[in-house]
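Q: Shown below is the structure under consideration.
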Amino acid sequence: MPNRFEHRWTEGAVRLVRRWEPDETGALAKAAVERGGRERGGGGSNVGKHGPSTAGRRQTTFSARSRRSMRYEYTALPWELMGQYVAMITLTYPAQWRRWAPDARAVVRHREALKEAWRRKWRSPPIGVWVMEFQPRERRALEERQAPHTHMYVGVPAHAVTDEEWHRLVVRVLERRRLVAAYGSYRGKGLAAKRHELAEMGEFSAWLLRTWWGIVRSGENGHRYRGADVTPAFWTKAASETANRIRIAEYFWRESGKWSQKNPPEDFGGLAFYGRWAGPGGRFAPLEMRRTVDRQVWLELRRVYRRYIDGQMRRLSGGKRGYKGPRGVDGLTVFNVKDAPDFARRMEEWAMGEATRKLCTGSDSDGAGAAT
């Protein structure tokens, strides 16, 4: 089976990918389609079945592969396009959430309705990412558990919020943290919500609460004033202008990639656990460099990247845990790479020289490099 070996990188990560290519006769592509897959990339006989996210499946669990893909995509997004006022917006449902959000389709309709309302009100669609989570609520009644909610990391248009409103939102967050530290999470958040009502923060905050309540149509007064929340990502204009956006991307990923809140209820239906809103002209899209390299160069890169990941894991675990490495000729992804584009180019140049040297001397480049 023919293969294509790719070396990819973003602003904060590097990745090695091995892809199979259809042969010239089209026989492989035809076989994939007959199995229910796609002409390129597979899907195979598992298309349409329940299971972890894989090409063509109905996604009902958040797989490790999806989590890595989300992290990698976050390192590639141009976060600076979100502007000065970046916030985490949380959208929730009432306690008896099953009445208004019985399945994944209902949640998607609500989220898309808010996107359209945002576009009409502020004359521009939102720019950012959204993530689906499910609150365990283990102390609640059975029918109230695993409640769906949406986190959105978006840029609030400058004409939608004033400096005064943003300052109030920052003070509200600081006060909430102080109360949580003093009284615990549950009571502290409750006290903060009473002392600093979101509806009193300003025009944008009031609009968000009112609009979300109207979309869900719960009719519950508690949901009217507690159904949405706004948490500023940056507290000052200076912080927004000087922030390391790669570190911000890593923070967003860690906040939204929690395993404990990625378990939807049974029969909730297939759904995407994360996505993005590209904004006007689709500009908020991943920026990734891709280069096709020789197999031997790819194997040399994988060898050194594998050691790099092993070093990262041992430092984080105090030497207790290392990296087992990919199986066969599978690829891998390296995160937390400083100046990843320059790092990737230097590594590729080194790997080309090393592969050439070994070719001339007749030595093998990688013991795990089985024939493909």
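Identifiers in this document derive from the order of the structure tokens: chains are assigned A, B, ..., residues are numbered from 1 separately in each chain, and ligands are numbered from 1 in order of occurrence.
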Pick out the residues sitting within 10 Å of Val337 (chain A), and hand them over as a VMD selection string; count only C-alpha atoms, and ignore anything fewer than 6 positions along from it in its own chain.
A: chain A and resid 9 to 14 246 308 343 to 344
Q: Give one line per residue of region 256-283 of chain A that approaches region 118-136 of chain A to at most 7 Å, naming the two atoms of the closest pair and their distance in Å to one decimal, counting only C-alpha atoms; sort by chain then ascending residue number and deliver it as a Markdown table.
A:
```
| residue | atom | partner | partner_atom | distance |
| --- | --- | --- | --- | --- |
| A:Ser256 | CA | A:Val131 | CA | 6.4 |
| A:Gln261 | CA | A:Phe134 | CA | 4.9 |
| A:Lys262 | CA | A:Glu133 | CA | 5.4 |
| A:Asn263 | CA | A:Phe134 | CA | 6.3 |
| A:Pro264 | CA | A:Phe134 | CA | 6.1 |
| A:Phe273 | CA | A:Met132 | CA | 4.9 |
| A:Tyr274 | CA | A:Val131 | CA | 4.3 |
| A:Gly275 | CA | A:Trp130 | CA | 5.5 |
| A:Arg276 | CA | A:Val129 | CA | 4.0 |
| A:Trp277 | CA | A:Ile127 | CA | 5.2 |
| A:Ala278 | CA | A:Ile127 | CA | 5.6 |
| A:Gly279 | CA | A:Ile127 | CA | 4.7 |
| A:Pro280 | CA | A:Pro125 | CA | 6.7 |
```
Q: Find the residues around region 180-190 of chain A up to 12 Å (only C-alpha atoms counted), leave out those fewer than 6 positions away in its own chain, and share them as a ChimeraX atom specification.
A: /A:137,172-174,196-197,226,229
Q: Create the file for the chosen residues now, containing all heavy atoms and written as a PDB file, in the first residue's frame.
A:
```
ATOM      1  N   ARG A 137     -22.918  16.261  38.359  1.00  0.00           N
ATOM      2  CA  ARG A 137     -23.994  16.511  39.330  1.00  0.00           C
ATOM      3  C   ARG A 137     -24.347  15.242  40.114  1.00  0.00           C
ATOM      4  O   ARG A 137     -25.514  14.842  40.206  1.00  0.00           O
ATOM      5  CB  ARG A 137     -25.251  17.034  38.635  1.00  0.00           C
ATOM      6  CG  ARG A 137     -25.099  18.413  38.004  1.00  0.00           C
ATOM      7  CD  ARG A 137     -26.394  18.871  37.373  1.00  0.00           C
ATOM      8  NE  ARG A 137     -26.310  20.227  36.853  1.00  0.00           N
ATOM      9  CZ  ARG A 137     -27.320  20.856  36.235  1.00  0.00           C
ATOM     10  NH1 ARG A 137     -28.470  20.239  36.080  1.00  0.00           N
ATOM     11  NH2 ARG A 137     -27.168  22.073  35.792  1.00  0.00           N
ATOM     12  N   ARG A 172     -16.003  41.270  39.095  1.00  0.00           N
ATOM     13  CA  ARG A 172     -16.923  40.168  39.431  1.00  0.00           C
ATOM     14  C   ARG A 172     -16.168  38.845  39.530  1.00  0.00           C
ATOM     15  O   ARG A 172     -16.410  38.049  40.452  1.00  0.00           O
ATOM     16  CB  ARG A 172     -17.997  40.096  38.347  1.00  0.00           C
ATOM     17  CG  ARG A 172     -19.046  39.015  38.514  1.00  0.00           C
ATOM     18  CD  ARG A 172     -20.134  39.214  37.461  1.00  0.00           C
ATOM     19  NE  ARG A 172     -21.121  38.159  37.516  1.00  0.00           N
ATOM     20  CZ  ARG A 172     -21.085  37.060  36.766  1.00  0.00           C
ATOM     21  NH1 ARG A 172     -20.078  36.885  35.909  1.00  0.00           N
ATOM     22  NH2 ARG A 172     -22.028  36.143  36.866  1.00  0.00           N
ATOM     23  N   VAL A 173     -15.239  38.607  38.614  1.00  0.00           N
ATOM     24  CA  VAL A 173     -14.452  37.375  38.641  1.00  0.00           C
ATOM     25  C   VAL A 173     -13.542  37.334  39.864  1.00  0.00           C
ATOM     26  O   VAL A 173     -13.432  36.306  40.552  1.00  0.00           O
ATOM     27  CB  VAL A 173     -13.625  37.235  37.351  1.00  0.00           C
ATOM     28  CG1 VAL A 173     -12.658  36.062  37.455  1.00  0.00           C
ATOM     29  CG2 VAL A 173     -14.534  37.048  36.154  1.00  0.00           C
ATOM     30  N   LEU A 174     -12.895  38.436  40.160  1.00  0.00           N
ATOM     31  CA  LEU A 174     -12.009  38.482  41.323  1.00  0.00           C
ATOM     32  C   LEU A 174     -12.772  38.261  42.620  1.00  0.00           C
ATOM     33  O   LEU A 174     -12.306  37.552  43.528  1.00  0.00           O
ATOM     34  CB  LEU A 174     -11.277  39.832  41.357  1.00  0.00           C
ATOM     35  CG  LEU A 174     -10.303  40.102  40.204  1.00  0.00           C
ATOM     36  CD1 LEU A 174      -9.745  41.510  40.308  1.00  0.00           C
ATOM     37  CD2 LEU A 174      -9.177  39.080  40.206  1.00  0.00           C
ATOM     38  N   HIS A 196     -23.130  40.036  42.545  1.00  0.00           N
ATOM     39  CA  HIS A 196     -22.751  40.620  41.260  1.00  0.00           C
ATOM     40  C   HIS A 196     -23.562  39.958  40.149  1.00  0.00           C
ATOM     41  O   HIS A 196     -23.080  39.070  39.452  1.00  0.00           O
ATOM     42  CB  HIS A 196     -21.250  40.436  41.002  1.00  0.00           C
ATOM     43  CG  HIS A 196     -20.367  41.077  42.028  1.00  0.00           C
ATOM     44  ND1 HIS A 196     -19.995  42.401  41.962  1.00  0.00           N
ATOM     45  CD2 HIS A 196     -19.804  40.577  43.149  1.00  0.00           C
ATOM     46  CE1 HIS A 196     -19.222  42.681  42.999  1.00  0.00           C
ATOM     47  NE2 HIS A 196     -19.086  41.594  43.730  1.00  0.00           N
ATOM     48  N   GLU A 197     -24.794  40.366  40.006  1.00  0.00           N
ATOM     49  CA  GLU A 197     -25.665  39.825  38.971  1.00  0.00           C
ATOM     50  C   GLU A 197     -25.105  40.162  37.591  1.00  0.00           C
ATOM     51  O   GLU A 197     -24.746  41.315  37.313  1.00  0.00           O
ATOM     52  CB  GLU A 197     -27.072  40.401  39.111  1.00  0.00           C
ATOM     53  CG  GLU A 197     -27.818  39.966  40.365  1.00  0.00           C
ATOM     54  CD  GLU A 197     -28.398  38.569  40.236  1.00  0.00           C
ATOM     55  OE1 GLU A 197     -28.263  37.977  39.147  1.00  0.00           O
ATOM     56  OE2 GLU A 197     -28.983  38.086  41.208  1.00  0.00           O
ATOM     57  N   ARG A 226     -29.414  33.173  35.478  1.00  0.00           N
ATOM     58  CA  ARG A 226     -28.254  32.328  35.791  1.00  0.00           C
ATOM     59  C   ARG A 226     -27.863  31.432  34.620  1.00  0.00           C
ATOM     60  O   ARG A 226     -26.922  30.643  34.742  1.00  0.00           O
ATOM     61  CB  ARG A 226     -28.554  31.426  36.999  1.00  0.00           C
ATOM     62  CG  ARG A 226     -28.906  32.159  38.291  1.00  0.00           C
ATOM     63  CD  ARG A 226     -27.685  32.785  38.929  1.00  0.00           C
ATOM     64  NE  ARG A 226     -27.986  33.275  40.263  1.00  0.00           N
ATOM     65  CZ  ARG A 226     -28.541  34.450  40.519  1.00  0.00           C
ATOM     66  NH1 ARG A 226     -28.838  35.262  39.518  1.00  0.00           N
ATOM     67  NH2 ARG A 226     -28.816  34.828  41.751  1.00  0.00           N
ATOM     68  N   ASP A 229     -22.942  32.947  31.603  1.00  0.00           N
ATOM     69  CA  ASP A 229     -21.914  33.601  32.413  1.00  0.00           C
ATOM     70  C   ASP A 229     -20.800  34.092  31.493  1.00  0.00           C
ATOM     71  O   ASP A 229     -20.562  33.518  30.424  1.00  0.00           O
ATOM     72  CB  ASP A 229     -21.345  32.632  33.453  1.00  0.00           C
ATOM     73  CG  ASP A 229     -20.463  33.347  34.462  1.00  0.00           C
ATOM     74  OD1 ASP A 229     -21.000  34.219  35.176  1.00  0.00           O
ATOM     75  OD2 ASP A 229     -19.264  33.042  34.532  1.00  0.00           O
TER      76      ASP A 229
END
```
Q: Residues within 12 Å of Pro102 (chain A), please, as a ChimeraX atom specification. Count only C-alpha atoms; anything in the same chain fewer than 6 positions from it doesn't count.
A: /A:93,96,108-110,143-144,146-148,216,264-269
Q: Output N, CA and C atoms for every residue in that selection, as a PDB file, in the first residue's frame.
A:
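Listing of result_25.pdb after writing:
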```pdb
ATOM      1  N   TYR A  93     -28.261  24.997  31.236  1.00  0.00           N
ATOM      2  CA  TYR A  93     -29.695  24.716  31.201  1.00  0.00           C
ATOM      3  C   TYR A  93     -30.242  24.624  32.626  1.00  0.00           C
ATOM      4  N   GLN A  96     -33.874  20.731  35.484  1.00  0.00           N
ATOM      5  CA  GLN A  96     -34.601  19.712  34.722  1.00  0.00           C
ATOM      6  C   GLN A  96     -34.300  19.882  33.230  1.00  0.00           C
ATOM      7  N   VAL A 108     -27.395  21.526  19.681  1.00  0.00           N
ATOM      8  CA  VAL A 108     -26.794  22.148  18.497  1.00  0.00           C
ATOM      9  C   VAL A 108     -27.694  23.259  17.958  1.00  0.00           C
ATOM     10  N   ARG A 109     -29.005  23.030  17.942  1.00  0.00           N
ATOM     11  CA  ARG A 109     -29.937  24.068  17.473  1.00  0.00           C
ATOM     12  C   ARG A 109     -29.840  25.310  18.346  1.00  0.00           C
ATOM     13  N   HIS A 110     -29.760  25.126  19.646  1.00  0.00           N
ATOM     14  CA  HIS A 110     -29.658  26.269  20.563  1.00  0.00           C
ATOM     15  C   HIS A 110     -28.361  27.036  20.337  1.00  0.00           C
ATOM     16  N   GLU A 143     -32.269  12.233  37.130  1.00  0.00           N
ATOM     17  CA  GLU A 143     -32.671  12.908  35.896  1.00  0.00           C
ATOM     18  C   GLU A 143     -31.990  14.257  35.699  1.00  0.00           C
ATOM     19  N   GLU A 144     -31.306  14.768  36.737  1.00  0.00           N
ATOM     20  CA  GLU A 144     -30.617  16.053  36.622  1.00  0.00           C
ATOM     21  C   GLU A 144     -29.118  15.910  36.367  1.00  0.00           C
ATOM     22  N   GLN A 146     -25.443  14.701  34.517  1.00  0.00           N
ATOM     23  CA  GLN A 146     -24.822  14.779  33.182  1.00  0.00           C
ATOM     24  C   GLN A 146     -25.464  15.888  32.337  1.00  0.00           C
ATOM     25  N   ALA A 147     -25.697  17.023  32.990  1.00  0.00           N
ATOM     26  CA  ALA A 147     -26.340  18.145  32.301  1.00  0.00           C
ATOM     27  C   ALA A 147     -25.414  18.755  31.260  1.00  0.00           C
ATOM     28  N   PRO A 148     -25.869  18.929  30.029  1.00  0.00           N
ATOM     29  CA  PRO A 148     -25.023  19.522  29.001  1.00  0.00           C
ATOM     30  C   PRO A 148     -24.830  21.013  29.219  1.00  0.00           C
ATOM     31  N   VAL A 216     -33.682  29.041  24.695  1.00  0.00           N
ATOM     32  CA  VAL A 216     -34.021  27.789  25.378  1.00  0.00           C
ATOM     33  C   VAL A 216     -35.520  27.713  25.680  1.00  0.00           C
ATOM     34  N   PRO A 264     -21.468  12.080  27.840  1.00  0.00           N
ATOM     35  CA  PRO A 264     -22.876  12.405  27.618  1.00  0.00           C
ATOM     36  C   PRO A 264     -23.785  11.291  28.116  1.00  0.00           C
ATOM     37  N   PRO A 265     -25.024  11.606  28.401  1.00  0.00           N
ATOM     38  CA  PRO A 265     -25.974  10.568  28.824  1.00  0.00           C
ATOM     39  C   PRO A 265     -26.199   9.550  27.713  1.00  0.00           C
ATOM     40  N   GLU A 266     -26.645   8.371  28.104  1.00  0.00           N
ATOM     41  CA  GLU A 266     -26.979   7.363  27.103  1.00  0.00           C
ATOM     42  C   GLU A 266     -28.134   7.857  26.234  1.00  0.00           C
ATOM     43  N   ASP A 267     -28.099   7.483  24.968  1.00  0.00           N
ATOM     44  CA  ASP A 267     -29.137   7.861  24.003  1.00  0.00           C
ATOM     45  C   ASP A 267     -29.195   9.373  23.765  1.00  0.00           C
ATOM     46  N   PHE A 268     -28.137  10.095  24.135  1.00  0.00           N
ATOM     47  CA  PHE A 268     -28.108  11.529  23.856  1.00  0.00           C
ATOM     48  C   PHE A 268     -27.854  11.793  22.383  1.00  0.00           C
ATOM     49  N   GLY A 269     -27.221  10.817  21.729  1.00  0.00           N
ATOM     50  CA  GLY A 269     -26.951  10.964  20.307  1.00  0.00           C
ATOM     51  C   GLY A 269     -25.524  11.394  20.038  1.00  0.00           C
TER      52      GLY A 269
END
```
Q: If you measure from CA of Arg111 (chain A) to CA of Leu287 (chain A), what distance in Å do you get, rounded to one decimal?
A: 25.4 Å
Q: When you look at Met88 (chain A) with a cut-off of 9 Å (counting only C-alpha atoms), what residues show up, excluding the ones that are within fewer than 6 positions of it in the same chain? I need them as a ChimeraX atom specification.
A: /A:151-155,229-233
Q: Could you turn the residues from that selection into a file that holds all heavy atoms, as a PDB file, in the first residue's frame?
A:
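The resulting file, result09.pdb, is reproduced below:
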```pdb
ATOM      1  N   HIS A 151     -19.113  25.744  26.666  1.00  0.00           N
ATOM      2  CA  HIS A 151     -18.131  26.796  26.913  1.00  0.00           C
ATOM      3  C   HIS A 151     -17.735  27.389  25.568  1.00  0.00           C
ATOM      4  O   HIS A 151     -17.449  26.651  24.616  1.00  0.00           O
ATOM      5  CB  HIS A 151     -16.877  26.248  27.603  1.00  0.00           C
ATOM      6  CG  HIS A 151     -17.081  25.865  29.026  1.00  0.00           C
ATOM      7  ND1 HIS A 151     -17.657  26.708  29.946  1.00  0.00           N
ATOM      8  CD2 HIS A 151     -16.777  24.723  29.703  1.00  0.00           C
ATOM      9  CE1 HIS A 151     -17.703  26.108  31.124  1.00  0.00           C
ATOM     10  NE2 HIS A 151     -17.180  24.905  30.998  1.00  0.00           N
ATOM     11  N   MET A 152     -17.691  28.696  25.479  1.00  0.00           N
ATOM     12  CA  MET A 152     -17.244  29.365  24.272  1.00  0.00           C
ATOM     13  C   MET A 152     -16.114  30.319  24.633  1.00  0.00           C
ATOM     14  O   MET A 152     -16.261  31.142  25.541  1.00  0.00           O
ATOM     15  CB  MET A 152     -18.393  30.148  23.625  1.00  0.00           C
ATOM     16  CG  MET A 152     -19.629  29.318  23.319  1.00  0.00           C
ATOM     17  SD  MET A 152     -20.845  30.237  22.323  1.00  0.00           S
ATOM     18  CE  MET A 152     -21.014  31.745  23.293  1.00  0.00           C
ATOM     19  N   TYR A 153     -14.990  30.195  23.945  1.00  0.00           N
ATOM     20  CA  TYR A 153     -13.894  31.139  24.095  1.00  0.00           C
ATOM     21  C   TYR A 153     -13.944  32.042  22.870  1.00  0.00           C
ATOM     22  O   TYR A 153     -13.529  31.648  21.765  1.00  0.00           O
ATOM     23  CB  TYR A 153     -12.557  30.409  24.188  1.00  0.00           C
ATOM     24  CG  TYR A 153     -12.501  29.435  25.341  1.00  0.00           C
ATOM     25  CD1 TYR A 153     -12.761  28.084  25.152  1.00  0.00           C
ATOM     26  CD2 TYR A 153     -12.193  29.878  26.622  1.00  0.00           C
ATOM     27  CE1 TYR A 153     -12.719  27.185  26.207  1.00  0.00           C
ATOM     28  CE2 TYR A 153     -12.139  28.994  27.682  1.00  0.00           C
ATOM     29  CZ  TYR A 153     -12.407  27.651  27.469  1.00  0.00           C
ATOM     30  OH  TYR A 153     -12.366  26.771  28.518  1.00  0.00           O
ATOM     31  N   VAL A 154     -14.492  33.230  23.034  1.00  0.00           N
ATOM     32  CA  VAL A 154     -14.787  34.088  21.890  1.00  0.00           C
ATOM     33  C   VAL A 154     -14.304  35.518  22.128  1.00  0.00           C
ATOM     34  O   VAL A 154     -14.077  35.944  23.265  1.00  0.00           O
ATOM     35  CB  VAL A 154     -16.307  34.116  21.602  1.00  0.00           C
ATOM     36  CG1 VAL A 154     -16.800  32.757  21.149  1.00  0.00           C
ATOM     37  CG2 VAL A 154     -17.084  34.567  22.830  1.00  0.00           C
ATOM     38  N   GLY A 155     -14.191  36.227  21.020  1.00  0.00           N
ATOM     39  CA  GLY A 155     -13.881  37.643  21.097  1.00  0.00           C
ATOM     40  C   GLY A 155     -15.174  38.449  21.102  1.00  0.00           C
ATOM     41  O   GLY A 155     -16.006  38.301  20.200  1.00  0.00           O
ATOM     42  N   ASP A 229     -22.942  32.947  31.603  1.00  0.00           N
ATOM     43  CA  ASP A 229     -21.914  33.601  32.413  1.00  0.00           C
ATOM     44  C   ASP A 229     -20.800  34.092  31.493  1.00  0.00           C
ATOM     45  O   ASP A 229     -20.562  33.518  30.424  1.00  0.00           O
ATOM     46  CB  ASP A 229     -21.345  32.632  33.453  1.00  0.00           C
ATOM     47  CG  ASP A 229     -20.463  33.347  34.462  1.00  0.00           C
ATOM     48  OD1 ASP A 229     -21.000  34.219  35.176  1.00  0.00           O
ATOM     49  OD2 ASP A 229     -19.264  33.042  34.532  1.00  0.00           O
ATOM     50  N   VAL A 230     -20.130  35.158  31.915  1.00  0.00           N
ATOM     51  CA  VAL A 230     -19.038  35.750  31.141  1.00  0.00           C
ATOM     52  C   VAL A 230     -17.821  35.898  32.052  1.00  0.00           C
ATOM     53  O   VAL A 230     -17.903  36.549  33.102  1.00  0.00           O
ATOM     54  CB  VAL A 230     -19.424  37.129  30.566  1.00  0.00           C
ATOM     55  CG1 VAL A 230     -18.253  37.702  29.760  1.00  0.00           C
ATOM     56  CG2 VAL A 230     -20.674  37.029  29.701  1.00  0.00           C
ATOM     57  N   THR A 231     -16.700  35.306  31.654  1.00  0.00           N
ATOM     58  CA  THR A 231     -15.443  35.411  32.397  1.00  0.00           C
ATOM     59  C   THR A 231     -14.366  35.992  31.490  1.00  0.00           C
ATOM     60  O   THR A 231     -13.962  35.342  30.521  1.00  0.00           O
ATOM     61  CB  THR A 231     -14.988  34.035  32.909  1.00  0.00           C
ATOM     62  OG1 THR A 231     -16.003  33.468  33.735  1.00  0.00           O
ATOM     63  CG2 THR A 231     -13.689  34.161  33.696  1.00  0.00           C
ATOM     64  N   PRO A 232     -13.892  37.204  31.742  1.00  0.00           N
ATOM     65  CA  PRO A 232     -12.840  37.794  30.901  1.00  0.00           C
ATOM     66  C   PRO A 232     -11.560  36.968  30.941  1.00  0.00           C
ATOM     67  O   PRO A 232     -11.149  36.489  32.002  1.00  0.00           O
ATOM     68  CB  PRO A 232     -12.625  39.174  31.520  1.00  0.00           C
ATOM     69  CG  PRO A 232     -13.897  39.475  32.248  1.00  0.00           C
ATOM     70  CD  PRO A 232     -14.371  38.145  32.771  1.00  0.00           C
ATOM     71  N   ALA A 233     -10.933  36.830  29.768  1.00  0.00           N
ATOM     72  CA  ALA A 233      -9.653  36.117  29.689  1.00  0.00           C
ATOM     73  C   ALA A 233      -8.495  37.046  30.040  1.00  0.00           C
ATOM     74  O   ALA A 233      -7.482  36.603  30.587  1.00  0.00           O
ATOM     75  CB  ALA A 233      -9.465  35.527  28.293  1.00  0.00           C
TER      76      ALA A 233
END
```
Q: Between CA of Leu114 (chain A) and CA of Ala239 (chain A), what is the distance, to one decimal in Å?
A: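 So the two atoms, CA of Leu114 (chain A) and CA of Ala239 (chain A), lie 28.4 Å apart.
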Q: Pick out the closest residue to Trp235 (chain A) from this set: A:Arg346, A:Arg168, A:Arg290, A:Arg71. Count only C-alpha atoms.
A: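 Among A:Arg346, A:Arg168, A:Arg290, A:Arg71, it is A:Arg168 that comes nearest to Trp235 (chain A).
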Q: Rank A:Arg139, A:Arg68, A:Arg247, A:Arg315 by their smallest atom-to-atom distance to Thr333 (chain A), using only C-alpha atoms, and report the top residue only.
A: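 Selected residue with least distance to Thr333 (chain A): A:Arg68.
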Q: For the structure I just gave you, how does DSSP split region 93-309 of chain A - specifically, which residues are strand (DSSP E)? Reply as a ChimeraX atom specification.
A: /A:127-135,147-155,228-232,274-278,289-293
Q: Go ahead and save the residues from that selection, with N, CA, C and O atoms, as a compact mmCIF listing (two decimals), in the first residue's frame.
A:
```txt
# COMPACT_ATOMS: atom_id res chain seq x y z
N ILE A 127 -16.28 35.05 16.74
CA ILE A 127 -14.99 34.43 16.39
C ILE A 127 -14.47 33.70 17.63
O ILE A 127 -14.33 34.30 18.69
N GLY A 128 -14.19 32.42 17.49
CA GLY A 128 -13.66 31.68 18.62
C GLY A 128 -13.95 30.20 18.52
O GLY A 128 -14.23 29.67 17.44
N VAL A 129 -13.88 29.52 19.65
CA VAL A 129 -14.11 28.07 19.71
C VAL A 129 -15.19 27.78 20.74
O VAL A 129 -15.45 28.57 21.64
N TRP A 130 -15.83 26.64 20.58
CA TRP A 130 -16.81 26.17 21.56
C TRP A 130 -16.51 24.72 21.93
O TRP A 130 -15.93 23.98 21.15
N VAL A 131 -16.91 24.36 23.14
CA VAL A 131 -16.63 23.02 23.67
C VAL A 131 -17.86 22.53 24.41
O VAL A 131 -18.47 23.28 25.20
N MET A 132 -18.24 21.29 24.18
CA MET A 132 -19.36 20.67 24.88
C MET A 132 -18.86 19.93 26.11
O MET A 132 -17.86 19.21 26.05
N GLU A 133 -19.57 20.12 27.23
CA GLU A 133 -19.26 19.38 28.45
C GLU A 133 -20.55 18.94 29.11
O GLU A 133 -21.64 19.43 28.79
N PHE A 134 -20.40 18.02 30.08
CA PHE A 134 -21.56 17.47 30.77
C PHE A 134 -21.25 17.43 32.26
O PHE A 134 -20.31 16.75 32.69
N GLN A 135 -22.01 18.18 33.04
CA GLN A 135 -21.77 18.26 34.48
C GLN A 135 -22.23 16.98 35.15
O GLN A 135 -23.40 16.60 35.01
N ALA A 147 -25.70 17.02 32.99
CA ALA A 147 -26.34 18.14 32.30
C ALA A 147 -25.41 18.76 31.26
O ALA A 147 -24.27 19.08 31.56
N PRO A 148 -25.87 18.93 30.03
CA PRO A 148 -25.02 19.52 29.00
C PRO A 148 -24.83 21.01 29.22
O PRO A 148 -25.73 21.71 29.68
N HIS A 149 -23.67 21.51 28.91
CA HIS A 149 -23.43 22.95 28.89
C HIS A 149 -22.33 23.24 27.88
O HIS A 149 -21.56 22.35 27.51
N THR A 150 -22.27 24.45 27.42
CA THR A 150 -21.33 24.85 26.37
C THR A 150 -20.41 25.94 26.88
O THR A 150 -20.86 26.92 27.46
N HIS A 151 -19.11 25.74 26.67
CA HIS A 151 -18.13 26.80 26.91
C HIS A 151 -17.74 27.39 25.57
O HIS A 151 -17.45 26.65 24.62
N MET A 152 -17.69 28.70 25.48
CA MET A 152 -17.24 29.37 24.27
C MET A 152 -16.11 30.32 24.63
O MET A 152 -16.26 31.14 25.54
N TYR A 153 -14.99 30.20 23.94
CA TYR A 153 -13.89 31.14 24.09
C TYR A 153 -13.94 32.04 22.87
O TYR A 153 -13.53 31.65 21.77
N VAL A 154 -14.49 33.23 23.03
CA VAL A 154 -14.79 34.09 21.89
C VAL A 154 -14.30 35.52 22.13
O VAL A 154 -14.08 35.94 23.27
N GLY A 155 -14.19 36.23 21.02
CA GLY A 155 -13.88 37.64 21.10
C GLY A 155 -15.17 38.45 21.10
O GLY A 155 -16.01 38.30 20.20
N ALA A 228 -26.43 32.02 31.76
CA ALA A 228 -25.20 32.33 31.03
C ALA A 228 -24.22 33.03 31.96
O ALA A 228 -24.62 33.63 32.97
N ASP A 229 -22.94 32.95 31.60
CA ASP A 229 -21.91 33.60 32.41
C ASP A 229 -20.80 34.09 31.49
O ASP A 229 -20.56 33.52 30.42
N VAL A 230 -20.13 35.16 31.92
CA VAL A 230 -19.04 35.75 31.14
C VAL A 230 -17.82 35.90 32.05
O VAL A 230 -17.90 36.55 33.10
N THR A 231 -16.70 35.31 31.65
CA THR A 231 -15.44 35.41 32.40
C THR A 231 -14.37 35.99 31.49
O THR A 231 -13.96 35.34 30.52
N PRO A 232 -13.89 37.20 31.74
CA PRO A 232 -12.84 37.79 30.90
C PRO A 232 -11.56 36.97 30.94
O PRO A 232 -11.15 36.49 32.00
N TYR A 274 -16.19 19.57 20.20
CA TYR A 274 -15.61 20.90 20.08
C TYR A 274 -15.69 21.36 18.63
O TYR A 274 -15.88 20.55 17.71
N GLY A 275 -15.59 22.65 18.44
CA GLY A 275 -15.63 23.22 17.09
C GLY A 275 -15.21 24.68 17.16
O GLY A 275 -14.85 25.19 18.22
N ARG A 276 -15.31 25.37 16.05
CA ARG A 276 -14.91 26.78 16.03
C ARG A 276 -15.84 27.57 15.15
O ARG A 276 -16.49 27.03 14.25
N TRP A 277 -15.90 28.86 15.43
CA TRP A 277 -16.63 29.82 14.61
C TRP A 277 -15.59 30.69 13.93
O TRP A 277 -14.85 31.42 14.60
N ALA A 278 -15.52 30.60 12.61
CA ALA A 278 -14.43 31.21 11.87
C ALA A 278 -14.58 32.70 11.66
O ALA A 278 -13.62 33.36 11.24
N MET A 289 1.72 24.34 8.57
CA MET A 289 2.66 24.08 7.48
C MET A 289 2.77 22.57 7.29
O MET A 289 2.93 21.83 8.26
N ARG A 290 2.67 22.11 6.04
CA ARG A 290 2.77 20.69 5.73
C ARG A 290 3.85 20.47 4.67
O ARG A 290 3.85 21.15 3.65
N ARG A 291 4.71 19.50 4.91
CA ARG A 291 5.74 19.16 3.94
C ARG A 291 5.81 17.64 3.81
O ARG A 291 5.85 16.92 4.82
N THR A 292 5.81 17.17 2.58
CA THR A 292 6.01 15.74 2.32
C THR A 292 7.51 15.46 2.30
O THR A 292 8.27 16.15 1.62
N VAL A 293 7.93 14.47 3.09
CA VAL A 293 9.35 14.15 3.20
C VAL A 293 9.57 12.68 2.85
O VAL A 293 8.64 11.87 2.82
```
